[in-house]
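Asker: Structure provided below as structure tokens; questions to follow.
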Amino acid sequence: MGPFCDWKSATVAAAAACGILLWVCFLAEAVHGGLGPALYVLGDSQADVGNNNNLVLSPLRANFPRNGIDYPGQQPTGRFSNGHNFVDFLAGSLGLARPPPYHSISNATAGRFSTFLNGVNFASGGAGVLDLTNKGQCFSFYHQIERDYLNVYSELVQQLGEPQALAHLAKSIFTVAIGGNDIIFRALPPSVTVELPAVELQVLSPQRFIELMAKTLERQLQRLYELGMRRLFFVGAAPIGCVPLMRELNLLTKECHPGANDMSVQYNAAVASILHNMGTRHPDFRYSFVDTRAALMQYIDEPQANGYAEVKAACCGLGDNKAMYRCGRVSHVCLDRTDHVFWDLVHPTETTSRKLTGVAFAGSAPLVSPMNVRQLCD
């Protein structure tokens, strides 16, 4: 056998060894002890763990004080929270590492493939079902699916081969938390000055608007199914009308905004219908849907029974009920973050996120259906 043949044989052997190594890594990930091999997260600010840090010109960031005041090291990380958010608690419940923000992983990052294999967070503060929501100031839900996640999917297929990549994704947990920003911008009256108002969203009636959201979301979730998603945990919209920002519209009473809450109910019903229909069309598709509106309203309606002293005001902010400007360096911060439902204008405190994740992981109908997240992993 000549030198050329020896070189060729060595090359083939090296390639085979590399392929075996990738397969061994894949198998190791599949049996590492978590309730699934990986966690892939898409959505908005309630799930963002730092993707928006890279949008230096966008106001929709949280990588500055006083965010993170209760996070280890008291460092702002890009989470819209005083500490951890629900993704952190979800990963812990699943026995998985917290998925890193996609936009912190460069092409030159060492271990890029193994990172993709273990899970990634694509969520971006400000994102909505509709691209008009905060357009140009965040990584839209469409962008998260068709660019960021698609890049990860393509690399998994390239490295593992399509059958193994699809097997890995089928066992992984996908989490989607989206829709609240759309409802906020549709519910705010044109006379209210907010950052980056999406005037286009206020043209349709609330009912037609929710119908548009539902049709768009259905296509987006179907696309994720085509790209390997088989187990989905969907986080329903919160009672948007009861977040501090929306309460400020009722200047005298500070009561919840009924129109926004109605849209939350309609949206969650539409999502539940979409997921049910997907399950009917695709027998290999399973899902868990948490009705965040219903769960959070229990805390708001019965605060003391649920360990809260304040359900209307934000913990961090400025002005009346700390709801007239977002949390920032000069904001006033409540002393006890554990007895507030809301951290800032629209986001829950770490305590609230922990409680809601507990409901999703181990709760039952009607708050979480048709199964909880723990059962989704079985």
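Here, A, B, ... name the chains of the structure tokens in the order displayed, residue numbers run from 1 inside each chain, and ligands are numbered from 1 in the same displayed order.
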Quick check for you: according to DSSP on this backbone, which residues of range 55-302 of chain A are classed as strand (DSSP E)? Reply as a VMD selection string.

Answerer: chain A and resid 173 to 177 231 to 235 286 to 290

Asker: Which residues are near range 265-278 of chain A? Cut-off 9 Å, only C-alpha atoms, ignore same chain within fewer than 5 positions. Put them as number ranges by chain.

Answerer: A: 179, 183, 207, 210-211, 213-215, 217-218, 221-222, 234, 236-239, 260, 283, 285-289, 291-294, 369

Asker: Please identify all polymer residues within 10 Å of Gly136 in chain A, counting only C-alpha atoms, omitting same-chain residues fewer than 3 positions from it, and present them as a short mmCIF file (atom, residue, chain, number, x, y, z; two decimals) with C-alpha atoms, in the first residue's frame.

Answerer:
data_model
loop_
_atom_site.label_atom_id
_atom_site.label_comp_id
_atom_site.auth_asym_id
_atom_site.auth_seq_id
_atom_site.Cartn_x
_atom_site.Cartn_y
_atom_site.Cartn_z
CA LEU A 55 -28.40 45.20 21.59
CA SER A 58 -32.00 49.14 22.46
CA GLY A 126 -39.67 42.95 23.94
CA ALA A 127 -40.40 40.11 21.52
CA ASP A 131 -43.18 41.21 14.29
CA LEU A 132 -44.65 44.70 14.72
CA THR A 133 -44.16 44.39 18.48
CA PHE A 139 -34.72 39.60 18.54
CA SER A 140 -38.24 38.93 17.28
CA LEU A 196 -41.50 52.31 21.13
#

Asker: Tell me, which residues of range 55-92 of chain A carry DSSP helix (DSSP H, G or I), written as a ChimeraX atom specification?

Answerer: /A:72-74,86-92

Asker: Please indicate the distance in Å from CA of Phe80 in chain A to CA of Ser264 in chain A, rounded to one decimal place.

Answerer: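 Distance reported for this atom pair: 20.7 Å.
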
Asker: Considering only C-alpha atoms, return as a list in words whatever protein or nucleic-acid residues lie within 8 Å of Val49 in chain A, sequence-local ones (same chain, fewer than 3 positions apart) excluded.

Answerer: Thr77, Gly78, Arg79, Pro100, Pro101, Asn121 and Ala123 of chain A

Asker: Would you save the residues of that selection, restricted to C-alpha atoms, as a JSON list (two decimals), in the first residue's frame?

Answerer:
[["chain", "number", "residue", "atom", "x", "y", "z"],
["A", 77, "THR", "CA", -27.27, 39.66, 34.14],
["A", 78, "GLY", "CA", -29.85, 40.79, 31.62],
["A", 79, "ARG", "CA", -32.71, 39.10, 33.47],
["A", 100, "PRO", "CA", -27.00, 30.17, 28.14],
["A", 101, "PRO", "CA", -28.17, 33.10, 26.01],
["A", 121, "ASN", "CA", -31.94, 30.25, 25.46],
["A", 123, "ALA", "CA", -35.59, 34.61, 24.37]]

Asker: Using only C-alpha atoms, which protein or nucleic acid residues come within 8 Å of range 303-311 of chain A? Drop anything in the same chain fewer than 6 positions from it, and give the result as a PyMOL selection string.

Answerer: chain A and resi 338-342

Asker: Just write the chosen residues, all heavy atoms, as a short mmCIF file (atom, residue, chain, number, x, y, z; two decimals), in the first residue's frame.

Answerer:
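Dumped to part04.cif:
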data_model
loop_
_atom_site.label_atom_id
_atom_site.label_comp_id
_atom_site.auth_asym_id
_atom_site.auth_seq_id
_atom_site.Cartn_x
_atom_site.Cartn_y
_atom_site.Cartn_z
N THR A 338 -39.57 39.66 48.69
CA THR A 338 -40.32 38.40 48.75
C THR A 338 -41.82 38.61 48.96
O THR A 338 -42.60 37.67 48.77
CB THR A 338 -39.80 37.50 49.89
OG1 THR A 338 -40.04 38.12 51.15
CG2 THR A 338 -38.31 37.25 49.71
N ASP A 339 -42.23 39.82 49.35
CA ASP A 339 -43.67 40.01 49.60
C ASP A 339 -44.34 40.84 48.51
O ASP A 339 -45.48 41.28 48.66
CB ASP A 339 -43.92 40.63 50.98
CG ASP A 339 -43.40 42.07 51.11
OD1 ASP A 339 -42.92 42.64 50.10
OD2 ASP A 339 -43.50 42.63 52.22
N HIS A 340 -43.64 41.06 47.40
CA HIS A 340 -44.20 41.76 46.25
C HIS A 340 -44.45 40.78 45.11
O HIS A 340 -43.59 39.93 44.82
CB HIS A 340 -43.24 42.85 45.74
CG HIS A 340 -43.31 44.14 46.49
ND1 HIS A 340 -43.08 44.22 47.85
CD2 HIS A 340 -43.60 45.40 46.08
CE1 HIS A 340 -43.20 45.50 48.23
NE2 HIS A 340 -43.53 46.23 47.18
N VAL A 341 -45.57 40.91 44.44
CA VAL A 341 -45.84 40.08 43.26
C VAL A 341 -44.97 40.53 42.09
O VAL A 341 -44.40 39.71 41.37
CB VAL A 341 -47.33 40.13 42.86
CG1 VAL A 341 -47.56 39.47 41.50
CG2 VAL A 341 -48.19 39.46 43.93
N PHE A 342 -44.85 41.86 41.93
CA PHE A 342 -44.17 42.41 40.76
C PHE A 342 -42.85 43.08 41.12
O PHE A 342 -42.75 43.83 42.09
CB PHE A 342 -45.07 43.41 40.03
CG PHE A 342 -46.32 42.78 39.47
CD1 PHE A 342 -47.54 42.95 40.11
CD2 PHE A 342 -46.26 42.02 38.31
CE1 PHE A 342 -48.68 42.36 39.60
CE2 PHE A 342 -47.40 41.44 37.79
CZ PHE A 342 -48.61 41.60 38.43
#

Asker: I'd like the interatomic distance between CA of Thr175 in chain A and CA of Phe233 in chain A, to a tenth of an Å.

Answerer: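 Pair CA of Thr175 in chain A / CA of Phe233 in chain A returns 4.7 Å.
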
Asker: Residues within 9 Å of Phe141 in chain A, please, as a list in words. Count only C-alpha atoms; anything in the same chain fewer than 4 positions from it doesn't count.

Answerer: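 Once the adjacent positions are removed, what remains is Leu42, Gly43, Asp44, Phe122, Ala123, Ser124, Ala127, Gly128, Val129, Leu130, Asp131, Ile145, Glu146, Ile178 and Gln220 of chain A.
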
Asker: Take the residues just selected and output them with all heavy atoms as a short mmCIF file (atom, residue, chain, number, x, y, z; two decimals), in the first residue's frame.

Answerer:
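The resulting file, again-v4.cif, is shown below:
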data_model
loop_
_atom_site.label_atom_id
_atom_site.label_comp_id
_atom_site.auth_asym_id
_atom_site.auth_seq_id
_atom_site.Cartn_x
_atom_site.Cartn_y
_atom_site.Cartn_z
N LEU A 42 -37.52 29.85 23.99
CA LEU A 42 -37.80 30.97 23.10
C LEU A 42 -38.86 31.85 23.76
O LEU A 42 -39.69 31.38 24.53
CB LEU A 42 -38.31 30.49 21.74
CG LEU A 42 -37.41 29.53 20.95
CD1 LEU A 42 -37.81 28.08 21.21
CD2 LEU A 42 -37.49 29.81 19.46
N GLY A 43 -38.83 33.15 23.44
CA GLY A 43 -39.87 34.00 24.01
C GLY A 43 -39.44 35.43 24.24
O GLY A 43 -38.62 35.99 23.51
N ASP A 44 -39.98 36.02 25.31
CA ASP A 44 -39.80 37.45 25.57
C ASP A 44 -39.01 37.68 26.86
O ASP A 44 -38.27 36.80 27.31
CB ASP A 44 -41.16 38.16 25.58
CG ASP A 44 -42.14 37.52 26.59
OD1 ASP A 44 -41.68 36.93 27.59
OD2 ASP A 44 -43.37 37.63 26.37
N PHE A 122 -32.98 31.44 23.60
CA PHE A 122 -33.06 32.40 22.50
C PHE A 122 -33.95 33.61 22.84
O PHE A 122 -34.07 34.53 22.04
CB PHE A 122 -33.66 31.73 21.25
CG PHE A 122 -32.96 30.45 20.85
CD1 PHE A 122 -33.42 29.22 21.29
CD2 PHE A 122 -31.83 30.49 20.04
CE1 PHE A 122 -32.79 28.05 20.92
CE2 PHE A 122 -31.19 29.32 19.66
CZ PHE A 122 -31.67 28.10 20.11
N ALA A 123 -34.57 33.61 24.02
CA ALA A 123 -35.59 34.61 24.37
C ALA A 123 -35.01 36.02 24.39
O ALA A 123 -33.86 36.24 24.77
CB ALA A 123 -36.20 34.28 25.72
N SER A 124 -35.85 36.97 24.00
CA SER A 124 -35.43 38.37 23.89
C SER A 124 -36.50 39.30 24.44
O SER A 124 -37.66 39.25 24.02
CB SER A 124 -35.16 38.69 22.42
OG SER A 124 -34.87 40.06 22.23
N ALA A 127 -39.89 40.91 22.64
CA ALA A 127 -40.40 40.11 21.52
C ALA A 127 -41.89 39.84 21.67
O ALA A 127 -42.42 39.77 22.78
CB ALA A 127 -39.64 38.80 21.42
N GLY A 128 -42.56 39.70 20.53
CA GLY A 128 -43.97 39.39 20.51
C GLY A 128 -44.28 38.36 19.45
O GLY A 128 -43.43 38.02 18.63
N VAL A 129 -45.49 37.87 19.48
CA VAL A 129 -45.94 36.95 18.43
C VAL A 129 -45.86 37.65 17.07
O VAL A 129 -45.42 37.08 16.08
CB VAL A 129 -47.37 36.47 18.71
CG1 VAL A 129 -47.93 35.68 17.53
CG2 VAL A 129 -47.42 35.63 19.98
N LEU A 130 -46.29 38.90 17.06
CA LEU A 130 -46.28 39.69 15.83
C LEU A 130 -44.98 40.46 15.70
O LEU A 130 -44.48 41.02 16.68
CB LEU A 130 -47.46 40.66 15.83
CG LEU A 130 -48.85 40.04 16.03
CD1 LEU A 130 -49.92 41.11 16.09
CD2 LEU A 130 -49.16 39.04 14.92
N ASP A 131 -44.45 40.52 14.50
CA ASP A 131 -43.18 41.21 14.29
C ASP A 131 -43.27 42.71 14.53
O ASP A 131 -42.25 43.38 14.77
CB ASP A 131 -42.67 40.96 12.86
CG ASP A 131 -41.74 39.76 12.79
OD1 ASP A 131 -41.51 39.14 13.85
OD2 ASP A 131 -41.26 39.44 11.69
N ILE A 145 -36.75 31.87 15.80
CA ILE A 145 -37.02 30.58 15.17
C ILE A 145 -36.20 30.40 13.90
O ILE A 145 -35.48 29.40 13.74
CB ILE A 145 -38.52 30.43 14.85
CG1 ILE A 145 -39.35 30.46 16.13
CG2 ILE A 145 -38.78 29.13 14.08
CD1 ILE A 145 -40.84 30.55 15.89
N GLU A 146 -36.31 31.36 12.99
CA GLU A 146 -35.80 31.19 11.63
C GLU A 146 -34.31 31.50 11.47
O GLU A 146 -33.72 31.17 10.45
CB GLU A 146 -36.61 32.04 10.65
CG GLU A 146 -38.07 31.61 10.53
CD GLU A 146 -38.24 30.23 9.92
OE1 GLU A 146 -37.26 29.70 9.35
OE2 GLU A 146 -39.34 29.67 10.02
N ILE A 178 -44.49 33.74 25.18
CA ILE A 178 -44.66 34.83 24.22
C ILE A 178 -46.12 35.29 24.20
O ILE A 178 -47.02 34.51 24.48
CB ILE A 178 -44.23 34.37 22.80
CG1 ILE A 178 -43.90 35.55 21.89
CG2 ILE A 178 -45.25 33.45 22.19
CD1 ILE A 178 -42.56 36.16 22.14
N GLN A 220 -45.99 29.61 13.64
CA GLN A 220 -44.68 29.59 14.29
C GLN A 220 -44.45 28.28 15.04
O GLN A 220 -43.35 27.70 14.97
CB GLN A 220 -44.57 30.79 15.25
CG GLN A 220 -44.56 32.13 14.53
CD GLN A 220 -44.88 33.31 15.44
OE1 GLN A 220 -45.57 33.15 16.46
NE2 GLN A 220 -44.39 34.49 15.09
#

Asker: Give me, as a PyMOL selection string, all polymer residues having an atom no more than 9 Å from Arg329 in chain A, counting only C-alpha atoms and skipping those fewer than 3 positions away in the same chain.

Answerer: chain A and resi 64-67+332
